[in-house]
Amino acid sequence: MLFNSVIATAILASSAFAAPQFSRRNGNSTKPVTTTSIAPLASITAAVGGLSLTAQLFLADTAVDRFALLPKDSDFVFDFIAEGAATKGKVGKGGDLVTANRKTFPALVGTSAGMAVGFLGPCGFNTPHVHPRSVELQIVTEGTLVTEMLPENGVFNNNLAANGRRVITNTLTANQMTPFYQGSVHTQFNPDCVPATFVAAFTSEDFGAGQVADELINFSSDVVIAAFGQAIDGADVDNFKKSIPTSIALGVEQCLQKCGIAKR
């Protein structure tokens, strides 16, 4: 709850620096007049025991003050390769996804933009997910990706509900781009036996992501069973939960066979 913390900090700081001054007279009495001075950023930071750089950038009065908090030119460089290496072992089995948001790259505060680079190995599958706070523009820079996007309720093939929901599917090669709309369910899959790379631009510093299968399966067992129309037996729900990948996974069986990759 970053903004609640920011508001609380501002209130604490303003009250801490308010002091009565007896400077106004009315007849024989002196009335106290309270004046409030704004605490400097360093004082606010110290008052709450230290804030993250991202939080300090949010509290800065002006853009000029933000630059003072980023004194090194290197503060404005994000290295996707180095960041990916630093998080090695925390990614899926089919590749790596490195994100630049306002937490991992504080210089983004105030830009309303973010970015991610995806490295999908052979048959790598970025499982269906949504971005709750951003549109995504994705361009393939190496290899081939099959992309699918499921828009909101009411979007049907040929505008007819009888023809089923519309799934927008494309095969992208290097230097081709597709949009994924905010809140839409979408996915990417590398159908080849060589790596693929994509770059994704976002219209938010905190675009977020939610893997659909992982989120759905973590509801209570009754909800999961009802959602799948009894397709999952109650006794199997816990085991099913453990098998759902939360990030890039090894994908379609046909690709695995073609590339000689053993199934998990």
# chains A, B, ... in the order shown; residues from 1 in each chain; ligands from 1
>>> residues_around(residues="Met149 (chain A)", least_positions_apart="4", cutoff="6 Å", atoms="only C-alpha atoms", output="short mmCIF file (atom, residue, chain, number, x, y, z; two decimals) with all heavy atoms, in the first residue's frame")
data_model
loop_
_atom_site.label_atom_id
_atom_site.label_comp_id
_atom_site.auth_asym_id
_atom_site.auth_seq_id
_atom_site.Cartn_x
_atom_site.Cartn_y
_atom_site.Cartn_z
N VAL A 167 -10.47 -16.01 -30.53
CA VAL A 167 -9.09 -16.05 -30.06
C VAL A 167 -8.21 -15.53 -31.20
O VAL A 167 -8.17 -16.13 -32.28
CB VAL A 167 -8.66 -17.47 -29.65
CG1 VAL A 167 -7.21 -17.46 -29.18
CG2 VAL A 167 -9.57 -18.02 -28.57
N ILE A 168 -7.53 -14.41 -30.97
CA ILE A 168 -6.71 -13.79 -32.01
C ILE A 168 -5.33 -14.44 -31.98
O ILE A 168 -4.57 -14.29 -31.03
CB ILE A 168 -6.61 -12.27 -31.78
CG1 ILE A 168 -8.02 -11.66 -31.85
CG2 ILE A 168 -5.68 -11.63 -32.81
CD1 ILE A 168 -8.07 -10.20 -31.44
N VAL A 185 -6.52 -11.82 -21.76
CA VAL A 185 -5.74 -13.03 -21.51
C VAL A 185 -4.92 -13.31 -22.76
O VAL A 185 -5.47 -13.37 -23.86
CB VAL A 185 -6.64 -14.23 -21.18
CG1 VAL A 185 -5.80 -15.48 -20.94
CG2 VAL A 185 -7.50 -13.93 -19.96
N HIS A 186 -3.61 -13.49 -22.61
CA HIS A 186 -2.78 -13.73 -23.78
C HIS A 186 -1.61 -14.65 -23.42
O HIS A 186 -1.30 -14.87 -22.25
CB HIS A 186 -2.27 -12.42 -24.38
CG HIS A 186 -1.51 -11.56 -23.42
ND1 HIS A 186 -2.11 -10.73 -22.50
CD2 HIS A 186 -0.16 -11.39 -23.23
CE1 HIS A 186 -1.19 -10.10 -21.79
NE2 HIS A 186 0.00 -10.49 -22.21
#
>>> residues_around(residues="Ala200 (chain A)", least_positions_apart="4", cutoff="8 Å", atoms="only C-alpha atoms", output="PDB file with N, CA and C atoms, in the first residue's frame")
ATOM      1  N   MET A 115       9.027  -2.084 -19.254  1.00  0.00           N
ATOM      2  CA  MET A 115       9.472  -2.952 -20.338  1.00  0.00           C
ATOM      3  C   MET A 115       9.852  -4.314 -19.782  1.00  0.00           C
ATOM      4  N   ALA A 116       9.746  -5.317 -20.639  1.00  0.00           N
ATOM      5  CA  ALA A 116      10.207  -6.665 -20.288  1.00  0.00           C
ATOM      6  C   ALA A 116      10.867  -7.275 -21.509  1.00  0.00           C
ATOM      7  N   VAL A 117      11.824  -8.155 -21.270  1.00  0.00           N
ATOM      8  CA  VAL A 117      12.443  -8.934 -22.341  1.00  0.00           C
ATOM      9  C   VAL A 117      12.264 -10.405 -21.996  1.00  0.00           C
ATOM     10  N   GLY A 118      11.745 -11.162 -22.960  1.00  0.00           N
ATOM     11  CA  GLY A 118      11.521 -12.578 -22.756  1.00  0.00           C
ATOM     12  C   GLY A 118      12.472 -13.408 -23.584  1.00  0.00           C
ATOM     13  N   GLU A 136       0.149  -4.006 -23.541  1.00  0.00           N
ATOM     14  CA  GLU A 136       1.476  -4.508 -23.885  1.00  0.00           C
ATOM     15  C   GLU A 136       1.651  -4.456 -25.402  1.00  0.00           C
ATOM     16  N   LEU A 137       2.770  -3.924 -25.840  1.00  0.00           N
ATOM     17  CA  LEU A 137       3.168  -3.983 -27.246  1.00  0.00           C
ATOM     18  C   LEU A 137       4.367  -4.904 -27.324  1.00  0.00           C
ATOM     19  N   GLN A 138       4.217  -6.016 -28.016  1.00  0.00           N
ATOM     20  CA  GLN A 138       5.273  -7.027 -28.041  1.00  0.00           C
ATOM     21  C   GLN A 138       5.857  -7.181 -29.438  1.00  0.00           C
ATOM     22  N   ILE A 139       7.179  -7.088 -29.517  1.00  0.00           N
ATOM     23  CA  ILE A 139       7.882  -7.268 -30.785  1.00  0.00           C
ATOM     24  C   ILE A 139       8.864  -8.426 -30.647  1.00  0.00           C
TER      25      ILE A 139
END
>>> atom_distance(atom1="CA of Asn153 (chain A)", atom2="CA of Glu253 (chain A)")
29.3 Å
>>> atom_distance(atom1="CA of Ala113 (chain A)", atom2="CA of Phe207 (chain A)")
8.5 Å
>>> atom_distance(atom1="CA of Val155 (chain A)", atom2="CA of Ala227 (chain A)")
20.5 Å
>>> select_by_dssp(residues="region 119-259 of chain A", states="strand (DSSP E)", output="tab-separated table (two decimals) with N, CA, C and O atoms, in the first residue's frame")
chain	number	residue	atom	x	y	z
A	119	PHE	N	13.07	-14.39	-22.95
A	119	PHE	CA	13.97	-15.33	-23.63
A	119	PHE	C	13.31	-16.71	-23.55
A	119	PHE	O	13.30	-17.33	-22.48
A	120	LEU	N	12.75	-17.17	-24.64
A	120	LEU	CA	12.07	-18.46	-24.66
A	120	LEU	C	12.94	-19.49	-25.35
A	120	LEU	O	13.32	-19.32	-26.51
A	124	GLY	N	9.53	-23.18	-25.61
A	124	GLY	CA	9.19	-22.38	-24.43
A	124	GLY	C	7.80	-21.80	-24.54
A	124	GLY	O	7.37	-21.35	-25.61
A	125	PHE	N	7.08	-21.78	-23.43
A	125	PHE	CA	5.66	-21.41	-23.39
A	125	PHE	C	5.44	-20.42	-22.26
A	125	PHE	O	5.60	-20.77	-21.09
A	126	ASN	N	5.11	-19.18	-22.60
A	126	ASN	CA	4.75	-18.19	-21.59
A	126	ASN	C	3.26	-18.36	-21.32
A	126	ASN	O	2.42	-17.99	-22.13
A	127	THR	N	2.94	-18.97	-20.20
A	127	THR	CA	1.58	-19.43	-19.93
A	127	THR	C	0.57	-18.27	-19.96
A	127	THR	O	0.94	-17.12	-19.73
A	128	PRO	N	-0.71	-18.56	-20.24
A	128	PRO	CA	-1.73	-17.50	-20.35
A	128	PRO	C	-1.75	-16.61	-19.12
A	128	PRO	O	-1.77	-17.08	-17.98
A	129	HIS	N	-1.76	-15.30	-19.36
A	129	HIS	CA	-1.70	-14.34	-18.27
A	129	HIS	C	-2.36	-13.03	-18.67
A	129	HIS	O	-2.74	-12.84	-19.82
A	130	VAL	N	-2.51	-12.15	-17.71
A	130	VAL	CA	-3.06	-10.82	-17.94
A	130	VAL	C	-2.13	-9.79	-17.30
A	130	VAL	O	-1.39	-10.09	-16.37
A	136	GLU	N	0.15	-4.01	-23.54
A	136	GLU	CA	1.48	-4.51	-23.89
A	136	GLU	C	1.65	-4.46	-25.40
A	136	GLU	O	0.77	-4.89	-26.15
A	137	LEU	N	2.77	-3.92	-25.84
A	137	LEU	CA	3.17	-3.98	-27.25
A	137	LEU	C	4.37	-4.90	-27.32
A	137	LEU	O	5.41	-4.61	-26.76
A	138	GLN	N	4.22	-6.02	-28.02
A	138	GLN	CA	5.27	-7.03	-28.04
A	138	GLN	C	5.86	-7.18	-29.44
A	138	GLN	O	5.13	-7.37	-30.40
A	139	ILE	N	7.18	-7.09	-29.52
A	139	ILE	CA	7.88	-7.27	-30.79
A	139	ILE	C	8.86	-8.43	-30.65
A	139	ILE	O	9.57	-8.54	-29.65
A	140	VAL	N	8.87	-9.29	-31.65
A	140	VAL	CA	9.81	-10.41	-31.67
A	140	VAL	C	11.13	-9.91	-32.25
A	140	VAL	O	11.16	-9.27	-33.31
A	141	THR	N	12.22	-10.17	-31.56
A	141	THR	CA	13.53	-9.72	-32.03
A	141	THR	C	14.39	-10.87	-32.55
A	141	THR	O	15.38	-10.64	-33.24
A	142	GLU	N	14.01	-12.11	-32.19
A	142	GLU	CA	14.77	-13.27	-32.65
A	142	GLU	C	13.84	-14.48	-32.65
A	142	GLU	O	13.05	-14.67	-31.72
A	144	THR	N	10.84	-17.19	-33.70
A	144	THR	CA	9.42	-17.19	-34.05
A	144	THR	C	8.58	-17.38	-32.79
A	144	THR	O	8.94	-18.17	-31.91
A	145	LEU	N	7.47	-16.68	-32.71
A	145	LEU	CA	6.53	-16.86	-31.61
A	145	LEU	C	5.11	-17.00	-32.16
A	145	LEU	O	4.71	-16.28	-33.08
A	146	VAL	N	4.38	-17.94	-31.60
A	146	VAL	CA	2.94	-18.03	-31.85
A	146	VAL	C	2.26	-17.31	-30.68
A	146	VAL	O	2.49	-17.67	-29.51
A	147	THR	N	1.45	-16.30	-30.97
A	147	THR	CA	0.78	-15.54	-29.93
A	147	THR	C	-0.72	-15.75	-30.02
A	147	THR	O	-1.28	-15.89	-31.11
A	148	GLU	N	-1.36	-15.75	-28.87
A	148	GLU	CA	-2.81	-15.84	-28.81
A	148	GLU	C	-3.33	-14.83	-27.79
A	148	GLU	O	-2.72	-14.66	-26.72
A	149	MET	N	-4.43	-14.17	-28.13
A	149	MET	CA	-5.07	-13.22	-27.22
A	149	MET	C	-6.56	-13.48	-27.20
A	149	MET	O	-7.20	-13.60	-28.25
A	150	LEU	N	-7.10	-13.56	-26.00
A	150	LEU	CA	-8.54	-13.73	-25.81
A	150	LEU	C	-9.10	-12.43	-25.26
A	150	LEU	O	-8.84	-12.09	-24.10
A	168	ILE	N	-7.53	-14.41	-30.97
A	168	ILE	CA	-6.71	-13.79	-32.01
A	168	ILE	C	-5.33	-14.44	-31.98
A	168	ILE	O	-4.57	-14.29	-31.03
A	169	THR	N	-5.03	-15.20	-33.04
A	169	THR	CA	-3.81	-16.00	-33.11
A	169	THR	C	-2.93	-15.52	-34.26
A	169	THR	O	-3.42	-15.31	-35.37
A	170	ASN	N	-1.63	-15.34	-33.97
A	170	ASN	CA	-0.69	-14.92	-35.01
A	170	ASN	C	0.65	-15.62	-34.81
A	170	ASN	O	1.01	-15.98	-33.68
A	171	THR	N	1.36	-15.80	-35.91
A	171	THR	CA	2.74	-16.29	-35.86
A	171	THR	C	3.65	-15.14	-36.24
A	171	THR	O	3.57	-14.62	-37.36
A	172	LEU	N	4.47	-14.72	-35.29
A	172	LEU	CA	5.34	-13.55	-35.48
A	172	LEU	C	6.78	-13.98	-35.67
A	172	LEU	O	7.27	-14.88	-34.97
A	173	THR	N	7.44	-13.34	-36.61
A	173	THR	CA	8.87	-13.54	-36.78
A	173	THR	C	9.59	-12.23	-36.45
A	173	THR	O	8.94	-11.24	-36.07
A	177	MET	N	5.28	-7.13	-34.68
A	177	MET	CA	4.74	-6.72	-33.38
A	177	MET	C	3.25	-7.00	-33.31
A	177	MET	O	2.57	-7.01	-34.33
A	178	THR	N	2.76	-7.21	-32.10
A	178	THR	CA	1.32	-7.34	-31.87
A	178	THR	C	0.96	-6.68	-30.55
A	178	THR	O	1.79	-6.64	-29.62
A	179	PRO	N	-0.26	-6.12	-30.41
A	179	PRO	CA	-0.67	-5.56	-29.12
A	179	PRO	C	-1.47	-6.57	-28.32
A	179	PRO	O	-2.20	-7.41	-28.86
A	180	PHE	N	-1.33	-6.48	-27.00
A	180	PHE	CA	-2.20	-7.21	-26.07
A	180	PHE	C	-2.88	-6.16	-25.21
A	180	PHE	O	-2.22	-5.40	-24.51
A	185	VAL	N	-6.52	-11.82	-21.76
A	185	VAL	CA	-5.74	-13.03	-21.51
A	185	VAL	C	-4.92	-13.31	-22.76
A	185	VAL	O	-5.47	-13.37	-23.86
A	186	HIS	N	-3.61	-13.49	-22.61
A	186	HIS	CA	-2.78	-13.73	-23.78
A	186	HIS	C	-1.61	-14.65	-23.42
A	186	HIS	O	-1.30	-14.87	-22.25
A	187	THR	N	-0.98	-15.18	-24.45
A	187	THR	CA	0.09	-16.15	-24.25
A	187	THR	C	1.02	-16.14	-25.45
A	187	THR	O	0.64	-15.67	-26.54
A	188	GLN	N	2.25	-16.63	-25.25
A	188	GLN	CA	3.22	-16.76	-26.34
A	188	GLN	C	3.88	-18.13	-26.25
A	188	GLN	O	4.12	-18.64	-25.16
A	189	PHE	N	4.19	-18.68	-27.43
A	189	PHE	CA	4.77	-20.02	-27.50
A	189	PHE	C	5.83	-20.05	-28.60
A	189	PHE	O	5.59	-19.55	-29.70
A	196	ALA	N	13.98	-18.08	-28.96
A	196	ALA	CA	13.26	-16.90	-29.45
A	196	ALA	C	13.34	-15.82	-28.37
A	196	ALA	O	13.37	-16.12	-27.18
A	197	THR	N	13.36	-14.59	-28.83
A	197	THR	CA	13.44	-13.45	-27.90
A	197	THR	C	12.39	-12.42	-28.28
A	197	THR	O	12.16	-12.17	-29.47
A	198	PHE	N	11.76	-11.82	-27.28
A	198	PHE	CA	10.81	-10.73	-27.55
A	198	PHE	C	11.04	-9.59	-26.58
A	198	PHE	O	11.58	-9.77	-25.48
A	199	VAL	N	10.62	-8.40	-27.00
A	199	VAL	CA	10.65	-7.21	-26.17
A	199	VAL	C	9.22	-6.72	-26.01
A	199	VAL	O	8.48	-6.63	-27.00
A	200	ALA	N	8.82	-6.44	-24.79
A	200	ALA	CA	7.46	-5.99	-24.50
A	200	ALA	C	7.51	-4.62	-23.84
A	200	ALA	O	8.19	-4.43	-22.83
A	201	ALA	N	6.79	-3.67	-24.43
A	201	ALA	CA	6.70	-2.32	-23.87
A	201	ALA	C	5.34	-2.16	-23.20
A	201	ALA	O	4.32	-2.65	-23.70
A	202	PHE	N	5.32	-1.46	-22.06
A	202	PHE	CA	4.10	-1.31	-21.28
A	202	PHE	C	3.81	0.16	-21.01
A	202	PHE	O	4.73	0.99	-20.95
A	210	GLY	N	-0.64	-11.58	-14.00
A	210	GLY	CA	-1.32	-12.65	-13.28
A	210	GLY	C	-1.46	-13.85	-14.19
A	210	GLY	O	-2.07	-13.75	-15.26
A	211	GLN	N	-0.82	-14.97	-13.80
A	211	GLN	CA	-0.93	-16.19	-14.60
A	211	GLN	C	-2.30	-16.82	-14.33
A	211	GLN	O	-2.64	-17.17	-13.22
A	248	ILE	N	7.18	-19.15	-17.41
A	248	ILE	CA	7.47	-19.79	-18.69
A	248	ILE	C	7.68	-21.29	-18.48
A	248	ILE	O	8.46	-21.70	-17.64
A	249	ALA	N	6.98	-22.08	-19.26
A	249	ALA	CA	7.00	-23.53	-19.09
A	249	ALA	C	7.39	-24.19	-20.40
A	249	ALA	O	7.44	-23.56	-21.46
A	250	LEU	N	7.67	-25.49	-20.34
A	250	LEU	CA	7.86	-26.26	-21.56
A	250	LEU	C	6.50	-26.56	-22.17
A	250	LEU	O	5.57	-26.94	-21.47
>>> closest_residue(among="A:Ile225, A:Cys255, A:Ala161, A:Ile217", to="Cys193 (chain A)", atoms="only C-alpha atoms")
A:Cys255
>>> residues_around(residues="region 72-78 of chain A", least_positions_apart="3", cutoff="10 Å", atoms="only C-alpha atoms", output="list in words")
Phe67, Ala68, Leu69, Ile81, Ala82, Glu83, Thr99, Ala100, Thr104, Phe105, Pro106, Ala107 and Leu108 of chain A
